[in-house]
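K.L.:
The file below is work08.pdb, PDB, C-alpha atoms and all ligand atoms:
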```pdb
ATOM      1  CA  MET A   1      27.384-156.286 -11.026
ATOM      2  CA  PRO A   2      28.120-152.782  -9.842
ATOM      3  CA  LEU A   3      26.855-151.269  -6.667
ATOM      4  CA  ILE A   4      23.174-150.474  -7.043
ATOM      5  CA  GLN A   5      22.237-149.421  -3.570
ATOM      6  CA  LEU A   6      24.454-147.178  -1.533
ATOM      7  CA  PRO A   7      25.588-148.623   1.773
ATOM      8  CA  SER A   8      23.651-147.245   4.685
ATOM      9  CA  SER A   9      26.941-146.030   6.195
ATOM     10  CA  LEU A  10      27.082-143.384   3.459
ATOM     11  CA  ALA A  11      23.636-142.168   4.363
ATOM     12  CA  LEU A  12      24.777-141.957   7.977
ATOM     13  CA  LEU A  13      27.735-139.809   6.917
ATOM     14  CA  TYR A  14      25.440-137.329   5.201
ATOM     15  CA  PRO A  15      22.292-137.286   7.348
ATOM     16  CA  ASN A  16      21.083-133.943   6.008
ATOM     17  CA  ARG A  17      20.660-135.299   2.511
ATOM     18  CA  LEU A  18      17.544-137.086   1.431
ATOM     19  CA  TRP A  19      18.316-140.769   0.769
ATOM     20  CA  LYS A  20      14.878-142.296   1.109
ATOM     21  CA  GLY A  21      11.300-141.070   0.970
ATOM     22  CA  VAL A  22       8.526-141.517   3.476
ATOM     23  CA  GLU A  23       7.950-145.216   4.127
ATOM     24  CA  LEU A  24       4.205-145.070   4.315
ATOM     25  CA  GLY A  25       2.217-147.398   2.114
ATOM     26  CA  ARG A  26       3.554-148.770  -1.163
ATOM     27  CA  LYS A  27       4.985-145.581  -2.563
ATOM     28  CA  VAL A  28       8.237-144.788  -4.324
ATOM     29  CA  SER A  29       9.724-141.588  -5.718
ATOM     30  CA  LEU A  30      10.899-141.744  -9.314
ATOM     31  CA  THR A  31      13.560-139.276 -10.403
ATOM     32  CA  PHE A  32      14.978-138.451 -13.839
ATOM     33  CA  ASP A  33      18.259-136.561 -14.146
ATOM     34  CA  ASP A  34      19.871-134.522 -16.949
ATOM     35  CA  GLY A  35      16.961-133.498 -19.213
ATOM     36  CA  PRO A  36      14.980-132.086 -20.752
ATOM     37  CA  VAL A  37      16.155-133.808 -23.949
ATOM     38  CA  PRO A  38      13.865-134.228 -26.980
ATOM     39  CA  GLY A  39      13.229-137.831 -27.957
ATOM     40  CA  VAL A  40      13.803-139.006 -24.408
ATOM     41  CA  THR A  41      12.009-136.736 -21.939
ATOM     42  CA  ASP A  42       8.828-136.607 -24.034
ATOM     43  CA  TRP A  43       8.902-140.406 -24.260
ATOM     44  CA  VAL A  44       9.324-140.670 -20.462
ATOM     45  CA  LEU A  45       6.326-138.357 -20.008
ATOM     46  CA  GLU A  46       4.191-140.658 -22.157
ATOM     47  CA  GLU A  47       5.276-143.769 -20.270
ATOM     48  CA  LEU A  48       4.478-142.121 -16.926
ATOM     49  CA  ALA A  49       1.140-140.757 -18.147
ATOM     50  CA  LYS A  50       0.022-144.174 -19.433
ATOM     51  CA  ARG A  51       0.317-145.488 -15.893
ATOM     52  CA  GLU A  52      -0.689-142.311 -14.036
ATOM     53  CA  LEU A  53       2.673-142.100 -12.284
ATOM     54  CA  ASN A  54       4.554-138.998 -11.251
ATOM     55  CA  ALA A  55       8.218-138.176 -11.025
ATOM     56  CA  THR A  56      10.761-135.505 -10.215
ATOM     57  CA  PHE A  57      12.919-134.216 -13.066
ATOM     58  CA  PHE A  58      16.304-132.845 -12.020
ATOM     59  CA  MET A  59      16.938-130.558 -14.955
ATOM     60  CA  VAL A  60      20.166-129.197 -16.359
ATOM     61  CA  GLY A  61      19.744-125.440 -16.818
ATOM     62  CA  ASP A  62      21.364-125.384 -20.240
ATOM     63  CA  ASN A  63      18.906-128.025 -21.461
ATOM     64  CA  VAL A  64      16.001-125.906 -20.190
ATOM     65  CA  ARG A  65      17.440-123.004 -22.215
ATOM     66  CA  LYS A  66      17.673-125.213 -25.332
ATOM     67  CA  HIS A  67      14.303-126.914 -24.910
ATOM     68  CA  PRO A  68      11.980-124.595 -22.981
ATOM     69  CA  SER A  69       8.747-125.998 -24.385
ATOM     70  CA  LEU A  70       9.724-129.526 -23.388
ATOM     71  CA  ALA A  71      10.540-128.290 -19.877
ATOM     72  CA  GLN A  72       7.097-126.684 -19.836
ATOM     73  CA  GLU A  73       5.519-129.993 -20.871
ATOM     74  CA  VAL A  74       7.116-131.712 -17.875
ATOM     75  CA  LEU A  75       5.729-129.059 -15.572
ATOM     76  CA  SER A  76       2.280-129.044 -17.185
ATOM     77  CA  ALA A  77       2.055-132.821 -16.767
ATOM     78  CA  GLY A  78       2.198-132.247 -13.012
ATOM     79  CA  HIS A  79       5.715-133.447 -12.263
ATOM     80  CA  GLN A  80       8.135-131.916  -9.782
ATOM     81  CA  LEU A  81      11.218-130.102 -10.984
ATOM     82  CA  GLY A  82      14.624-130.011  -9.338
ATOM     83  CA  ASN A  83      17.917-128.213  -9.910
ATOM     84  CA  HIS A  84      20.824-130.239 -11.375
ATOM     85  CA  THR A  85      23.152-127.221 -11.986
ATOM     86  CA  TYR A  86      23.265-125.229 -15.233
ATOM     87  CA  HIS A  87      26.211-127.004 -16.888
ATOM     88  CA  HIS A  88      26.100-130.402 -15.168
ATOM     89  CA  LEU A  89      29.204-129.568 -13.176
ATOM     90  CA  SER A  90      31.243-131.980 -11.154
ATOM     91  CA  GLY A  91      31.638-130.479  -7.709
ATOM     92  CA  TRP A  92      35.012-132.128  -7.252
ATOM     93  CA  LYS A  93      36.449-130.391 -10.309
ATOM     94  CA  THR A  94      34.879-126.987  -9.708
ATOM     95  CA  SER A  95      35.586-124.186  -7.267
ATOM     96  CA  THR A  96      32.847-123.590  -4.748
ATOM     97  CA  ASP A  97      32.236-120.100  -6.075
ATOM     98  CA  THR A  98      31.760-121.325  -9.656
ATOM     99  CA  TYR A  99      29.622-124.228  -8.466
ATOM    100  CA  LEU A 100      27.260-122.030  -6.480
ATOM    101  CA  LYS A 101      26.921-119.608  -9.394
ATOM    102  CA  ASP A 102      25.994-122.514 -11.638
ATOM    103  CA  VAL A 103      23.337-123.700  -9.181
ATOM    104  CA  ALA A 104      21.963-120.146  -9.056
ATOM    105  CA  ALA A 105      21.959-119.949 -12.874
ATOM    106  CA  CYS A 106      19.852-123.117 -13.025
ATOM    107  CA  ASP A 107      17.443-121.625 -10.484
ATOM    108  CA  ALA A 108      17.225-118.466 -12.583
ATOM    109  CA  ILE A 109      16.383-120.227 -15.834
ATOM    110  CA  LEU A 110      13.757-122.404 -14.146
ATOM    111  CA  GLU A 111      12.175-119.290 -12.737
ATOM    112  CA  ASP A 112      12.464-117.179 -15.909
ATOM    113  CA  THR A 113      11.296-119.917 -18.265
ATOM    114  CA  LEU A 114       8.714-121.702 -16.150
ATOM    115  CA  GLY A 115       8.033-119.499 -13.158
ATOM    116  CA  VAL A 116       9.190-122.309 -10.901
ATOM    117  CA  GLN A 117      11.169-122.022  -7.693
ATOM    118  CA  THR A 118      12.525-125.365  -6.648
ATOM    119  CA  SER A 119      13.825-126.368  -3.265
ATOM    120  CA  LEU A 120      15.187-129.676  -4.571
ATOM    121  CA  PHE A 121      18.778-130.170  -5.687
ATOM    122  CA  ARG A 122      20.710-133.200  -6.857
ATOM    123  CA  PRO A 123      24.447-132.882  -7.441
ATOM    124  CA  PRO A 124      25.626-134.182 -10.844
ATOM    125  CA  TYR A 125      27.621-137.427 -10.450
ATOM    126  CA  GLY A 126      26.175-137.672  -6.952
ATOM    127  CA  TRP A 127      28.988-135.842  -5.228
ATOM    128  CA  MET A 128      30.210-132.409  -4.326
ATOM    129  CA  LYS A 129      32.592-130.853  -1.869
ATOM    130  CA  ARG A 130      31.435-130.491   1.714
ATOM    131  CA  ARG A 131      31.542-126.713   1.527
ATOM    132  CA  GLN A 132      29.439-126.718  -1.637
ATOM    133  CA  ALA A 133      26.939-129.014   0.041
ATOM    134  CA  ARG A 134      26.803-126.809   3.123
ATOM    135  CA  GLU A 135      26.075-123.724   1.024
ATOM    136  CA  VAL A 136      23.505-125.395  -1.229
ATOM    137  CA  ALA A 137      21.758-126.924   1.785
ATOM    138  CA  LYS A 138      21.051-123.457   3.177
ATOM    139  CA  ASP A 139      18.021-123.118   0.941
ATOM    140  CA  LYS A 140      17.650-126.495  -0.739
ATOM    141  CA  LYS A 141      17.071-130.129   0.073
ATOM    142  CA  ILE A 142      19.905-132.215  -1.341
ATOM    143  CA  VAL A 143      18.295-135.297  -2.803
ATOM    144  CA  MET A 144      20.360-138.465  -3.157
ATOM    145  CA  TRP A 145      18.784-141.887  -3.829
ATOM    146  CA  SER A 146      18.329-145.372  -2.495
ATOM    147  CA  LEU A 147      18.249-147.143  -5.857
ATOM    148  CA  LEU A 148      20.403-146.290  -8.851
ATOM    149  CA  SER A 149      19.101-147.932 -12.003
ATOM    150  CA  TYR A 150      22.433-148.070 -13.869
ATOM    151  CA  ASP A 151      20.586-147.146 -17.051
ATOM    152  CA  PHE A 152      23.817-145.343 -18.004
ATOM    153  CA  ASP A 153      25.772-148.602 -18.251
ATOM    154  CA  SER A 154      25.216-149.954 -21.752
ATOM    155  CA  ARG A 155      27.240-153.114 -20.956
ATOM    156  CA  LEU A 156      24.583-154.382 -18.573
ATOM    157  CA  ALA A 157      21.798-156.525 -19.948
ATOM    158  CA  PRO A 158      18.460-154.718 -19.612
ATOM    159  CA  GLU A 159      16.983-157.847 -18.031
ATOM    160  CA  LYS A 160      19.603-157.717 -15.305
ATOM    161  CA  ILE A 161      18.868-154.070 -14.577
ATOM    162  CA  ILE A 162      15.143-154.769 -14.400
ATOM    163  CA  GLN A 163      15.666-157.772 -12.143
ATOM    164  CA  VAL A 164      17.881-155.886  -9.721
ATOM    165  CA  CYS A 165      15.690-152.776  -9.688
ATOM    166  CA  THR A 166      12.494-154.718  -9.093
ATOM    167  CA  SER A 167      13.991-156.897  -6.379
ATOM    168  CA  ARG A 168      15.389-153.884  -4.515
ATOM    169  CA  THR A 169      12.365-151.630  -4.699
ATOM    170  CA  SER A 170      10.655-151.046  -1.388
ATOM    171  CA  SER A 171       8.376-148.522   0.227
ATOM    172  CA  GLY A 172      10.054-145.110   0.199
ATOM    173  CA  SER A 173      12.629-145.965  -2.485
ATOM    174  CA  ILE A 174      14.065-143.007  -4.387
ATOM    175  CA  VAL A 175      14.928-144.382  -7.820
ATOM    176  CA  VAL A 176      17.253-142.663 -10.305
ATOM    177  CA  PHE A 177      16.939-142.789 -14.091
ATOM    178  CA  HIS A 178      18.445-140.475 -16.708
ATOM    179  CA  ASP A 179      16.533-138.780 -19.531
ATOM    180  CA  GLN A 180      19.462-138.040 -21.764
ATOM    181  CA  GLU A 181      21.018-139.069 -25.067
ATOM    182  CA  LYS A 182      23.599-141.549 -23.688
ATOM    183  CA  THR A 183      21.063-143.539 -21.680
ATOM    184  CA  LYS A 184      18.219-143.374 -24.190
ATOM    185  CA  GLU A 185      18.574-146.896 -25.574
ATOM    186  CA  GLN A 186      18.965-148.614 -22.235
ATOM    187  CA  LEU A 187      16.197-146.516 -20.664
ATOM    188  CA  LYS A 188      13.726-147.468 -23.371
ATOM    189  CA  LYS A 189      14.374-151.168 -22.719
ATOM    190  CA  VAL A 190      14.180-150.874 -18.956
ATOM    191  CA  LEU A 191      11.679-148.221 -17.951
ATOM    192  CA  PRO A 192       8.391-149.655 -19.335
ATOM    193  CA  ASN A 193       9.036-152.983 -17.609
ATOM    194  CA  TYR A 194       9.968-151.319 -14.374
ATOM    195  CA  LEU A 195       6.898-149.063 -14.404
ATOM    196  CA  ASP A 196       4.686-152.072 -15.159
ATOM    197  CA  PHE A 197       6.250-153.817 -12.190
ATOM    198  CA  LEU A 198       5.407-150.869  -9.930
ATOM    199  CA  VAL A 199       1.795-150.774 -11.060
ATOM    200  CA  GLY A 200       1.459-154.563 -10.885
ATOM    201  CA  GLU A 201       2.797-154.642  -7.350
ATOM    202  CA  GLY A 202       0.421-151.919  -6.222
ATOM    203  CA  TYR A 203       3.023-149.161  -5.933
ATOM    204  CA  SER A 204       2.143-145.548  -6.550
ATOM    205  CA  THR A 205       4.471-142.581  -6.714
ATOM    206  CA  GLN A 206       4.968-139.834  -4.185
ATOM    207  CA  PRO A 207       6.636-136.430  -4.560
ATOM    208  CA  LEU A 208       9.883-135.686  -2.778
ATOM    209  CA  GLN A 209       9.695-133.605   0.361
ATOM    210  CA  GLY A 210      11.579-130.377  -0.313
TER
HETATM  211 ZN    ZN A 301      23.325-135.825 -13.982
END
```
Do you think you could lay out the structure here as structure tokens?
Ligand SMILES: [Zn+2]
P.N.:
Amino acid sequence: MPLIQLPSSLALLYPNRLWKGVELGRKVSLTFDDGPVPGVTDWVLEELAKRELNATFFMVGDNVRKHPSLAQEVLSAGHQLGNHTYHHLSGWKTSTDTYLKDVAACDAILEDTLGVQTSLFRPPYGWMKRRQAREVAKDKKIVMWSLLSYDFDSRLAPEKIIQVCTSRTSSGSIVVFHDQEKTKEQLKKVLPNYLDFLVGEGYSTQPLQG
């Protein structure tokens, strides 16, 4: 079983990043990375709406360009939007200058298409260079997570993912899913059960603090 929760030592190394939400009441923050993608994001919206849950969608700018009406649907449904770069860049493989331009390009398309200014940012693949992080953090909250669903690993049994996610959910958890083509099958097996668990256990969702 791969690592699902990051060790707290990592959170201590990067104290300025958001690793966990407010631990007040039974509330979690759901996050979806990489969309908007037709056939996945719209399905996620339905599953959330059925249970009156909210989430934050960390969007890839190029997907907003390709699917503006779907991005609008996410916004109209009352969810939060975050920046996930324009081209889903890996910070490690990209110069800081190029990286920052890509973050700005994602901001621009969110603003031009939806009129949204977001203060939330999640780095693709979870990592970026320290200098990139320092620059991005000047006007954004860098949002990490406390619980990674591993919906991207098709070798894992959905039941195992559900079991681990449910057993590790606690007040303030920031949970990561992916609304994209590669995770679609696994997500559709896992998400409804997980959302039912949240509702059944009396959890509600809370927005991330930007
Ligand atoms: Zn991503």
K.L.:
For the atom pair atom CA of A:Asn54 and atom CA of A:Val74, what is the interatomic distance in Å to one decimal place?
P.N.:
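Result for atom CA of A:Asn54 versus atom CA of A:Val74: 10.2 Å, one decimal.
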K.L.:
Give the residue list for ligand ZN 301 (chain A) at 8 Å, counting only C-alpha atoms and all ligand atoms, as a ChimeraX atom specification, sorted by chain and then by residue number.
P.N.:
/A:33-34,58,60,84,88,123-126,178
K.L.:
Calculated over all atoms listed in the file, which of the candidates A:Gly21, A:Gly78, A:Gly35, A:Pro192 has the smallest distance to A:Val175?
P.N.:
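Using all atoms listed in the file, A:Val175 sits closest to A:Gly21.
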K.L.:
List, as a ChimeraX atom specification, every residue that the PyMOL selection byres (((chain A and resi 133-143) around 6) and not hetatm) selects in the file provided.
P.N.:
/A:17-18,119-122,130-132,144,210
K.L.:
Do you have the atom CA of A:Val37-atom CA of A:Leu195 distance handy?
P.N.:
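Distance reported for this atom pair: 20.2 Å.
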K.L.:
Run through the PyMOL selection byres (((chain A and resi 102-118) around 7) and not hetatm) on the given coordinates and return the selected residues as a list in words.
P.N.:
Val60, Gly61, Pro68, Gln72, Leu81, Gly82, Asn83, Thr85, Tyr86, His87, Thr98, Tyr99, Leu100, Lys101, Ser119 and Leu120 of chain A
K.L.:
Between atom CA of A:Gln206 and atom CA of A:Val40, what is the distance in Å, rounded to a tenth?
P.N.:
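A separation of 22.1 Å between them.
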K.L.:
Would you mind telling me which residue in A:Tyr203, A:Thr56, A:Lys129, A:Gln80 lies nearest to A:Trp92 when using all atoms listed in the file?
P.N.:
A:Lys129
K.L.:
Can you pull out the residues contacting A:Leu70? Cut-off 9 Å, using only C-alpha atoms, and skip same-chain residues under 4 positions away; I want them as a PyMOL selection string.
P.N.:
chain A and resi 36-38+41-42+64+74-75
K.L.:
From the set A:Glu201, A:Phe32, A:Ser95, A:Ala77, which residue has the shortest atom-to-atom contact distance to A:Asp151, counting all atoms listed in the file?
P.N.:
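Smallest separation from A:Asp151 among the options: A:Phe32.
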K.L.:
With only C-alpha atoms as the basis for distance, which of A:Val28, A:Met59, A:Ala49, A:Leu89 is at the shortest distance from A:Met128?
P.N.:
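Using only C-alpha atoms, A:Met128 sits closest to A:Leu89.
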K.L.:
Just say which residues the PyMOL selection byres (((chain A and resi 189) around 12) and not hetatm) picks in this file, as an NGL selection string.
P.N.:
:A and (44 or 47 or 151 or 154 or 156-162 or 183-188 or 190-195)
K.L.:
Given only C-alpha atoms as the basis, pick out the residue of A:Ser76, A:Thr96, A:Asn63, A:Ser29 nearest to A:Gln180.
P.N.:
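Nearest to A:Gln180: A:Asn63.
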